[in-house]
>>> print(open('data08.cif').read())   # mmCIF, C-alpha atoms
data_run
loop_
_atom_site.label_atom_id
_atom_site.label_comp_id
_atom_site.auth_asym_id
_atom_site.auth_seq_id
_atom_site.Cartn_x
_atom_site.Cartn_y
_atom_site.Cartn_z
CA MET A 298 -30.67 -94.55 15.08
CA ASN A 299 -28.90 -94.10 18.40
CA TRP A 300 -25.14 -93.77 18.58
CA ASP A 301 -23.03 -95.47 21.23
CA TRP A 302 -20.84 -92.61 22.16
CA GLU A 303 -18.88 -94.50 24.83
CA LYS A 304 -17.93 -97.26 22.42
CA LEU A 305 -16.90 -94.86 19.73
CA ARG A 306 -14.71 -92.89 22.16
CA GLU A 307 -13.02 -96.16 23.31
CA ASN A 308 -12.30 -97.21 19.74
CA GLN A 309 -10.84 -93.80 18.96
CA GLN A 310 -8.51 -94.04 21.97
CA ASN A 311 -7.27 -97.49 20.95
CA PHE A 312 -6.66 -96.33 17.41
CA GLU A 313 -4.64 -93.37 18.59
CA LYS A 314 -2.54 -95.58 20.87
CA LYS A 315 -1.68 -97.87 17.97
CA LYS A 316 -0.90 -94.98 15.70
CA ASP A 317 1.43 -93.31 18.15
CA GLY A 318 3.12 -96.58 18.96
CA GLY A 319 2.11 -96.38 22.51
CA GLY A 320 2.00 -99.44 24.60
CA PRO A 321 1.94 -100.60 28.17
CA GLY A 322 4.25 -98.55 30.39
CA MET A 323 4.35 -95.55 28.01
CA PRO A 324 3.04 -92.05 29.15
CA LYS A 325 -0.30 -91.11 27.76
CA PRO A 326 -0.21 -87.98 25.52
CA PRO A 327 -2.61 -85.09 26.37
CA GLN A 328 -5.95 -85.45 24.78
CA MET A 329 -8.14 -82.74 23.20
CA ASP A 330 -10.87 -83.33 25.69
CA ASP A 331 -8.51 -82.73 28.55
CA LEU A 332 -7.38 -79.46 26.98
CA LEU A 333 -10.95 -78.33 26.44
CA ASN A 334 -11.84 -79.18 30.00
CA LYS A 335 -8.87 -77.19 31.28
CA LEU A 336 -9.79 -74.23 29.11
CA LYS A 337 -13.34 -74.39 30.31
CA GLY A 338 -12.16 -74.34 33.87
CA PHE A 339 -9.80 -71.34 33.32
CA LYS A 340 -11.29 -67.82 34.03
CA PHE A 341 -9.84 -64.54 32.78
CA PRO A 342 -9.62 -61.87 35.45
CA GLY A 343 -12.12 -58.93 35.03
CA GLY A 344 -9.45 -56.24 35.32
CA PHE A 345 -7.55 -57.57 32.31
CA LEU A 346 -10.66 -57.35 30.12
CA VAL A 347 -11.34 -53.80 31.27
CA ILE A 348 -7.77 -52.82 30.39
CA ILE A 349 -8.16 -54.23 26.90
CA ILE A 350 -11.40 -52.29 26.37
CA LEU A 351 -9.86 -49.05 27.65
CA LEU A 352 -6.84 -49.46 25.38
CA ALA A 353 -9.12 -50.02 22.40
CA LEU A 354 -11.15 -46.93 23.23
CA PHE A 355 -8.04 -44.84 23.80
CA PHE A 356 -6.40 -45.75 20.52
CA GLY A 357 -9.69 -45.36 18.65
CA SER A 358 -10.46 -41.91 20.06
CA SER A 359 -6.90 -40.64 19.63
CA THR A 360 -6.62 -41.92 16.07
CA PHE A 361 -9.86 -40.69 14.53
CA PHE A 362 -11.23 -37.19 15.05
CA THR A 363 -13.81 -34.85 13.52
CA ILE A 364 -13.29 -31.24 12.44
CA LYS A 365 -16.35 -28.93 12.36
CA LEU A 366 -17.22 -26.67 9.44
CA ASP A 367 -16.09 -23.46 11.17
CA GLU A 368 -12.66 -24.76 12.20
CA VAL A 369 -9.52 -26.56 11.05
CA GLY A 370 -7.19 -28.95 12.83
CA VAL A 371 -3.52 -28.17 13.33
CA ILE A 372 -1.64 -31.48 13.62
CA GLN A 373 1.72 -31.68 15.39
CA ARG A 374 4.00 -34.68 15.15
CA PHE A 375 6.25 -34.94 18.19
CA GLY A 376 5.47 -31.28 18.91
CA LYS A 377 6.40 -29.99 15.44
CA PHE A 378 3.88 -28.66 12.93
CA ASN A 379 3.00 -31.30 10.36
CA ARG A 380 -0.18 -30.43 8.46
CA ILE A 381 -3.63 -28.81 8.48
CA ALA A 382 -6.73 -31.01 8.70
CA GLN A 383 -9.80 -29.71 6.89
CA PRO A 384 -13.42 -30.09 8.14
CA GLY A 385 -14.70 -33.68 8.28
CA LEU A 386 -13.53 -37.04 9.63
CA SER A 387 -9.73 -37.35 9.72
CA PHE A 388 -7.06 -39.82 10.84
CA LYS A 389 -3.83 -39.33 12.75
CA PHE A 390 -1.33 -41.34 14.71
CA PRO A 391 -2.22 -42.05 18.34
CA SER A 392 -1.58 -39.52 21.08
CA GLY A 393 2.04 -39.28 22.00
CA ILE A 394 2.99 -39.28 18.34
CA GLU A 395 0.62 -36.74 16.83
CA LYS A 396 -1.52 -34.11 18.48
CA VAL A 397 -4.42 -32.14 16.94
CA THR A 398 -5.45 -28.62 17.98
CA LYS A 399 -8.77 -27.33 16.68
CA VAL A 400 -8.73 -23.67 15.64
CA LYS A 401 -11.93 -21.77 14.77
CA VAL A 402 -11.08 -19.86 11.57
CA LYS A 403 -14.57 -18.48 10.86
CA ARG A 404 -15.35 -17.19 14.32
CA ILE A 405 -15.14 -13.43 14.89
CA TYR A 406 -13.20 -12.56 18.04
CA LYS A 407 -13.19 -9.15 19.66
CA GLU A 408 -11.09 -7.12 22.06
CA GLU A 409 -12.53 -4.18 24.00
CA PHE A 410 -10.49 -1.15 25.00
CA GLY A 411 -11.54 1.35 27.67
CA PHE A 412 -14.93 -0.21 28.49
CA GLN A 413 -16.71 -3.48 29.19
CA THR A 414 -19.86 -4.76 27.50
CA VAL A 415 -22.72 -5.63 29.83
CA GLN A 416 -23.60 -9.30 29.49
CA GLY A 417 -26.86 -10.02 27.68
CA SER A 418 -27.40 -6.51 26.31
CA SER A 419 -26.08 -4.09 23.74
CA ASN A 420 -25.16 -1.52 26.41
CA TYR A 421 -21.66 -0.90 27.61
CA ARG A 422 -20.04 0.79 30.57
CA PHE A 423 -16.61 2.19 31.16
CA SER A 424 -14.26 0.00 33.10
CA SER A 425 -13.19 1.02 36.59
CA GLU A 426 -9.79 -0.62 36.23
CA SER A 427 -6.91 1.81 36.12
CA SER A 428 -5.30 0.02 33.15
CA SER A 429 -8.46 0.39 31.04
CA GLN A 430 -8.81 4.04 31.98
CA GLU A 431 -5.20 4.68 31.02
CA THR A 432 -5.78 2.88 27.72
CA SER A 433 -8.75 5.09 26.78
CA LEU A 434 -7.04 8.39 27.72
CA MET A 435 -5.23 9.80 24.69
CA LEU A 436 -3.50 13.06 23.79
CA THR A 437 -4.80 14.73 20.61
CA GLY A 438 -2.88 16.77 18.11
CA ASP A 439 -4.01 20.08 19.65
CA LEU A 440 -2.77 18.99 23.12
CA ASN A 441 -6.18 18.03 24.53
CA VAL A 442 -7.01 14.84 26.41
CA ALA A 443 -9.76 12.62 25.00
CA VAL A 444 -11.46 9.45 26.24
CA VAL A 445 -11.43 7.07 23.26
CA PRO A 446 -13.08 3.62 23.72
CA TRP A 447 -13.04 1.19 20.80
CA ILE A 448 -13.51 -2.45 19.77
CA VAL A 449 -11.23 -4.55 17.54
CA GLN A 450 -12.89 -7.48 15.75
CA TYR A 451 -10.66 -10.09 14.11
CA ARG A 452 -10.52 -13.69 12.94
CA ILE A 453 -7.76 -16.26 12.52
CA SER A 454 -6.63 -16.38 8.89
CA ASN A 455 -3.43 -18.46 9.22
CA PRO A 456 -3.64 -21.10 11.99
CA ARG A 457 0.02 -22.09 11.64
CA ASN A 458 1.32 -18.54 12.20
CA TYR A 459 -1.27 -17.99 14.92
CA MET A 460 0.00 -20.97 16.93
CA PHE A 461 3.74 -21.05 16.25
CA GLU A 462 5.03 -17.62 15.09
CA VAL A 463 3.91 -15.44 18.01
CA LYS A 464 4.02 -16.47 21.65
CA ASP A 465 0.99 -14.44 22.81
CA VAL A 466 -1.13 -13.20 19.91
CA ARG A 467 -3.74 -11.56 22.13
CA ALA A 468 -1.13 -9.53 24.01
CA ILE A 469 0.58 -8.26 20.85
CA LEU A 470 -2.83 -7.48 19.33
CA ARG A 471 -3.81 -5.31 22.30
CA ASP A 472 -0.44 -3.54 22.39
CA MET A 473 -0.36 -2.83 18.63
CA SER A 474 -4.02 -1.76 18.61
CA GLU A 475 -3.39 0.77 21.36
CA ALA A 476 -0.25 2.05 19.62
CA SER A 477 -2.05 2.42 16.29
CA MET A 478 -5.02 4.24 17.83
CA ARG A 479 -2.76 6.63 19.75
CA THR A 480 -0.83 7.40 16.56
CA VAL A 481 -3.98 8.19 14.59
CA VAL A 482 -5.58 10.23 17.38
CA GLY A 483 -2.34 12.14 17.96
CA ASP A 484 -2.50 13.53 14.42
CA ARG A 485 -5.98 15.03 14.82
CA SER A 486 -7.65 17.74 16.89
CA ILE A 487 -10.13 17.08 19.68
CA ASN A 488 -13.05 18.15 17.48
CA GLU A 489 -12.00 15.73 14.74
CA VAL A 490 -11.65 12.91 17.27
CA ILE A 491 -15.21 13.54 18.47
CA SER A 492 -16.88 14.13 15.10
CA LYS A 493 -14.87 11.94 12.66
CA ARG A 494 -14.86 8.55 14.40
CA GLU A 495 -15.37 6.48 11.24
CA GLU A 496 -12.40 8.11 9.51
CA ILE A 497 -10.18 7.50 12.55
CA ALA A 498 -11.35 3.88 12.86
CA LEU A 499 -10.54 3.17 9.20
CA ALA A 500 -7.05 4.69 9.47
CA ALA A 501 -6.36 2.72 12.68
CA LYS A 502 -7.54 -0.52 11.07
CA GLU A 503 -5.17 -0.13 8.11
CA MET A 504 -2.23 0.64 10.39
CA LEU A 505 -3.02 -2.24 12.77
CA GLN A 506 -3.44 -4.77 9.94
CA LYS A 507 -0.06 -3.74 8.51
CA GLU A 508 1.65 -4.27 11.87
CA MET A 509 -0.04 -7.63 12.54
CA THR A 510 0.85 -8.90 9.07
CA GLN A 511 4.46 -7.86 9.56
CA ALA A 512 4.53 -9.70 12.91
CA LYS A 513 3.18 -12.91 11.26
CA SER A 514 0.41 -13.16 13.81
CA GLY A 515 -1.91 -15.07 11.51
CA ILE A 516 -4.98 -12.90 12.20
CA ASN A 517 -7.02 -10.64 9.95
CA ILE A 518 -8.58 -7.44 11.31
CA VAL A 519 -12.26 -7.43 10.35
CA THR A 520 -13.18 -3.98 11.68
CA ILE A 521 -12.47 -1.38 14.33
CA GLU A 522 -15.53 0.23 15.90
CA MET A 523 -15.13 3.42 17.90
CA LYS A 524 -17.62 4.13 20.66
CA LYS A 525 -18.69 7.61 21.77
CA THR A 526 -15.60 9.73 22.39
CA ASN A 527 -15.51 12.59 24.85
CA VAL A 528 -13.22 14.52 27.17
CA PRO A 529 -12.50 13.39 30.75
CA GLU A 530 -15.37 13.99 33.18
CA PRO A 531 -13.55 16.56 35.41
CA VAL A 532 -13.09 18.93 32.45
CA GLN A 533 -16.27 18.12 30.57
CA ASN A 534 -18.16 21.24 31.76
CA SER A 535 -15.28 23.52 30.81
CA PHE A 536 -15.00 21.80 27.45
CA ASN A 537 -18.72 22.32 26.82
CA GLU A 538 -18.34 26.00 27.64
CA VAL A 539 -15.43 26.27 25.23
CA ASN A 540 -17.48 24.57 22.52
CA GLN A 541 -20.39 26.94 23.18
CA ALA A 542 -18.08 29.95 22.94
CA THR A 543 -16.61 28.55 19.74
CA GLN A 544 -20.08 28.10 18.27
CA GLU A 545 -21.04 31.65 19.21
CA LYS A 546 -17.82 32.89 17.62
CA GLU A 547 -18.57 31.00 14.43
CA GLN A 548 -22.14 32.30 14.46
CA THR A 549 -20.88 35.88 14.80
CA ILE A 550 -18.42 35.30 11.98
CA TYR A 551 -21.21 33.95 9.78
CA LYS A 552 -23.38 36.98 10.50
CA ALA A 553 -20.49 39.32 9.74
CA ARG A 554 -19.84 37.47 6.49
CA GLU A 555 -23.52 37.76 5.64
CA GLU A 556 -23.45 41.51 6.21
CA TYR A 557 -20.22 41.73 4.28
CA ASN A 558 -21.75 39.84 1.36
CA LYS A 559 -24.67 42.29 1.38
CA ALA A 560 -22.71 45.54 1.82
CA VAL A 561 -19.73 44.90 -0.42
CA PRO A 562 -21.68 44.12 -3.61
CA LEU A 563 -23.92 47.14 -2.94
CA ALA A 564 -20.89 49.40 -2.48
CA ARG A 565 -19.30 47.97 -5.58
CA GLY A 566 -22.48 48.67 -7.50
CA GLU A 567 -22.59 52.26 -6.22
CA ALA A 568 -18.94 52.72 -7.12
CA LYS A 569 -19.52 51.44 -10.63
CA ARG A 570 -22.56 53.72 -10.98
CA ALA A 571 -20.54 56.75 -9.79
CA ILE A 572 -17.77 55.87 -12.21
CA LYS A 573 -20.25 55.59 -15.07
CA ASP A 574 -21.84 58.93 -14.10
CA ALA A 575 -18.42 60.58 -14.00
CA GLU A 576 -17.52 59.10 -17.34
CA GLY A 577 -20.82 60.36 -18.80
CA TYR A 578 -20.31 63.82 -17.29
CA ALA A 579 -16.76 63.93 -18.70
CA ILE A 580 -18.01 62.96 -22.12
CA ASP A 581 -20.76 65.61 -21.89
CA ARG A 582 -18.32 68.35 -20.87
CA VAL A 583 -15.90 67.40 -23.60
CA ASN A 584 -18.65 67.41 -26.16
CA ARG A 585 -19.88 70.80 -24.96
CA ALA A 586 -16.39 72.23 -24.99
CA GLN A 587 -15.87 70.92 -28.45
CA GLY A 588 -19.22 72.46 -29.51
CA ASP A 589 -18.32 75.82 -27.94
CA THR A 590 -14.97 75.69 -29.63
CA ALA A 591 -16.57 74.97 -32.97
CA LYS A 592 -19.09 77.75 -32.40
CA PHE A 593 -16.39 80.24 -31.42
CA SER A 594 -14.34 79.22 -34.44
CA ALA A 595 -17.32 79.79 -36.73
CA VAL A 596 -18.08 83.20 -35.16
CA TYR A 597 -14.46 84.18 -35.38
CA LYS A 598 -14.40 83.30 -39.04
CA GLU A 599 -17.45 85.53 -39.65
CA TYR A 600 -15.93 88.26 -37.49
CA ILE A 601 -12.84 88.30 -39.66
CA LYS A 602 -15.00 88.76 -42.73
CA ALA A 603 -17.15 91.64 -41.32
CA LYS A 604 -15.92 92.95 -37.99
CA ASP A 605 -18.43 95.82 -37.49
CA VAL A 606 -21.47 93.81 -38.36
CA THR A 607 -20.34 90.87 -36.32
CA LYS A 608 -19.45 93.05 -33.33
CA LYS A 609 -22.81 94.80 -33.42
CA ARG A 610 -24.65 91.49 -33.75
CA ILE A 611 -22.78 90.01 -30.85
CA TYR A 612 -23.54 93.08 -28.74
CA LEU A 613 -27.21 92.98 -29.53
CA GLU A 614 -27.45 89.27 -28.86
CA SER A 615 -25.70 89.76 -25.52
CA MET A 616 -28.00 92.59 -24.53
CA LEU A 617 -30.99 90.51 -25.58
CA GLU A 618 -29.85 87.82 -23.28
CA ILE A 619 -28.91 90.05 -20.32
CA PHE A 620 -31.73 92.63 -20.19
CA PRO A 621 -34.59 90.26 -19.38
CA LYS A 622 -32.67 89.24 -16.28
CA LEU A 623 -32.18 92.82 -14.91
CA GLY A 624 -35.79 93.50 -13.81
CA LYS A 625 -36.93 97.20 -13.88
CA LYS A 626 -34.65 99.51 -15.85
CA TYR A 627 -34.51 103.36 -15.96
CA ILE A 628 -32.74 105.12 -18.82
CA ILE A 629 -31.98 108.88 -18.27
CA ASP A 630 -30.58 111.22 -20.81
CA SER A 631 -27.29 112.43 -19.56
CA GLU A 632 -27.64 115.75 -21.48
CA GLN A 633 -30.81 116.87 -19.75
CA LYS A 634 -30.34 120.17 -17.89
CA ASN A 635 -33.71 121.89 -17.43
CA LEU A 636 -35.88 119.49 -15.45
CA LEU A 637 -34.94 117.76 -12.26
CA PRO A 638 -34.86 114.04 -12.83
CA PHE A 639 -37.03 112.28 -10.35
CA LEU A 640 -37.04 108.57 -9.62
CA ASN A 641 -39.91 107.20 -7.61
CA MET A 642 -38.17 104.84 -5.18
CA GLY A 643 -41.47 103.73 -3.60
CA GLY A 644 -42.39 101.54 -6.50
CA VAL A 645 -45.29 103.78 -7.74
CA THR A 646 -45.14 104.53 -11.41
CA PRO A 647 -45.42 108.30 -12.00
CA PRO A 648 -48.05 109.53 -14.38
CA PHE A 649 -47.04 109.87 -17.95
CA ASN A 650 -45.97 113.39 -18.86
CA PRO A 651 -45.73 113.92 -22.59
CA GLN A 652 -43.63 116.99 -22.12
CA ASN A 653 -41.02 115.12 -20.11
CA ARG A 654 -39.51 113.19 -22.86
CA SER A 655 -36.24 112.79 -21.07
CA LEU A 656 -37.57 110.10 -18.65
CA ASN A 657 -38.42 106.77 -20.22
CA LYS A 658 -39.15 103.50 -18.50
CA SER A 659 -38.73 100.19 -20.12
CA GLU A 660 -38.94 96.73 -18.73
#
>>> encode(input="data08.cif", output="structure tokens")
Amino acid sequence: MNWDWEKLRENQQNFEKKKDGGGPGMPKPPQMDDLLNKLKGFKFPGGFLVIIILLALFFGSSTFFTIKLDEVGVIQRFGKFNRIAQPGLSFKFPSGIEKVTKVKVKRIYKEEFGFQTVQGSSNYRFSSESSSQETSLMLTGDLNVAVVPWIVQYRISNPRNYMFEVKDVRAILRDMSEASMRTVVGDRSINEVISKREEIALAAKEMLQKEMTQAKSGINIVTIEMKKTNVPEPVQNSFNEVNQATQEKEQTIYKAREEYNKAVPLARGEAKRAIKDAEGYAIDRVNRAQGDTAKFSAVYKEYIKAKDVTKKRIYLESMLEIFPKLGKKYIIDSEQKNLLPFLNMGGVTPPFNPQNRSLNKSE
């Protein structure tokens, strides 16, 4: 079935004229078709559409944002701190009202003092800048100059304090790190600075962390690593000679102590042995004296009882003890008058004469 569209449109127009009370001479109200035709003929300018798209993108990108796992977002509302956004998709008011600053809280930052790391390698070289050289030169406790390079590794622990409490966190970190290291090095000798780097680094870390916490910097010191310390290059040869002389001195002292440890115990042992011998000799002499005393007392008691017998016995015992020690003995009668006594001084024994009874020889 085909529709007569022209007839239907004419009937609709007549019906609308009757309904609106229109008649001849009255203005004709705008029709829907006319409005549609006008709208179809109207064209939006291209620039207006582009502006709308840009505004939509701007408000969308400034309203929604994403925080990575190793960072947090510090949100400011009209420049003032408002809140901390955690990792993930977050929402904020458009730019101009709220602003987000992403801070990496798990990243380890580092500051180098007195040297520069070569890019792409684990080697390092000393900086030629005068400020870095002055930073690494330090005075030790024994009034020596040492070259002390070191690294400070840290991370951001409090983003709010890191951004709003201190104007320049990196500058105060470098200044306080240098002050802490100079304080620790100034309390130690040059040999301790060279040989005890780990101990110095630990003490400097504790001091630096205390100062940074007190300043509300919002950073946490992870570690302080000290590189190879030495004396300045112009005096390095002299310093090596001094160290060599010191080592030779210590070696001589060790040898002397070794000899001392050998000689002193030996002398002490000899002294103790001499003392023991003297004590034994004293005991022996005392015992002998006591024995002689007891013997004399016993003889004296017997002498009191029989003086003549005791005297004669003592005389005979003495002669018995003395005569064997005299060698050859000649006994001549003092009353002999007739014969001339003759003593053979040549050692030849004269023949025995039975008539000469006045000359007797006994051994």
>>> resolve_selection(input="data08.cif", expression="the PyMOL selection byres ((chain A and resi 440) around 12)", output="number ranges by chain")
A: 435-439, 441-443, 482-488
>>> atom_distance(input="data08.cif", atom1="atom CA of Glu409 of chain A", atom2="atom CA of Arg479 of chain A")
15.2 Å
>>> closest_residue(input="data08.cif", among="A:Gln383, A:Ser631, A:Thr363, A:Ser492", to="Met523 of chain A", atoms="all atoms listed in the file")
A:Ser492
>>> atom_distance(input="data08.cif", atom1="atom CA of Ser359 of chain A", atom2="atom CA of Ser392 of chain A")
5.6 Å
>>> atom_distance(input="data08.cif", atom1="atom CA of Arg452 of chain A", atom2="atom CA of Val402 of chain A")
6.3 Å
>>> closest_atom_pairs(input="data08.cif", of="segment 485-568 of chain A", to="segment 462-475 of chain A", cutoff="9 Å", atoms="all atoms listed in the file", output="Markdown table")
| residue | atom | partner | partner_atom | distance |
| --- | --- | --- | --- | --- |
| A:Ala501 | CA | A:Ser474 | CA | 7.8 |
| A:Lys502 | CA | A:Ser474 | CA | 8.4 |
| A:Met504 | CA | A:Ser474 | CA | 8.7 |
| A:Leu505 | CA | A:Ser474 | CA | 5.9 |
| A:Glu508 | CA | A:Met473 | CA | 7.2 |
| A:Met509 | CA | A:Leu470 | CA | 7.3 |
| A:Ala512 | CA | A:Val463 | CA | 7.7 |
| A:Lys513 | CA | A:Glu462 | CA | 6.3 |
| A:Ser514 | CA | A:Val463 | CA | 5.9 |
| A:Gly515 | CA | A:Glu462 | CA | 8.2 |
| A:Ile516 | CA | A:Val466 | CA | 8.6 |
>>> resolve_selection(input="data08.cif", expression="the PyMOL selection byres ((chain A and resi 403) around 12)", output="ChimeraX atom specification")
/A:365-369,384,400-402,404-406,451-456,516-517,519
>>> resolve_selection(input="data08.cif", expression="the PyMOL selection byres ((chain A and resi 381) around 6)", output="PyMOL selection string")
chain A and resi 370-371+380+382
>>> residues_near_point(input="data08.cif", point="(-12.7, 1.2, 19.1)", cutoff="12 Å", atoms="only C-alpha atoms", output="ChimeraX atom specification")
/A:407-413,432-433,444-450,471,474-475,477-479,482,490,494-502,520-526
>>> closest_residue(input="data08.cif", among="A:Glu599, A:Glu538, A:Asp581, A:Glu395", to="Lys377 of chain A", atoms="only C-alpha atoms")
A:Glu395
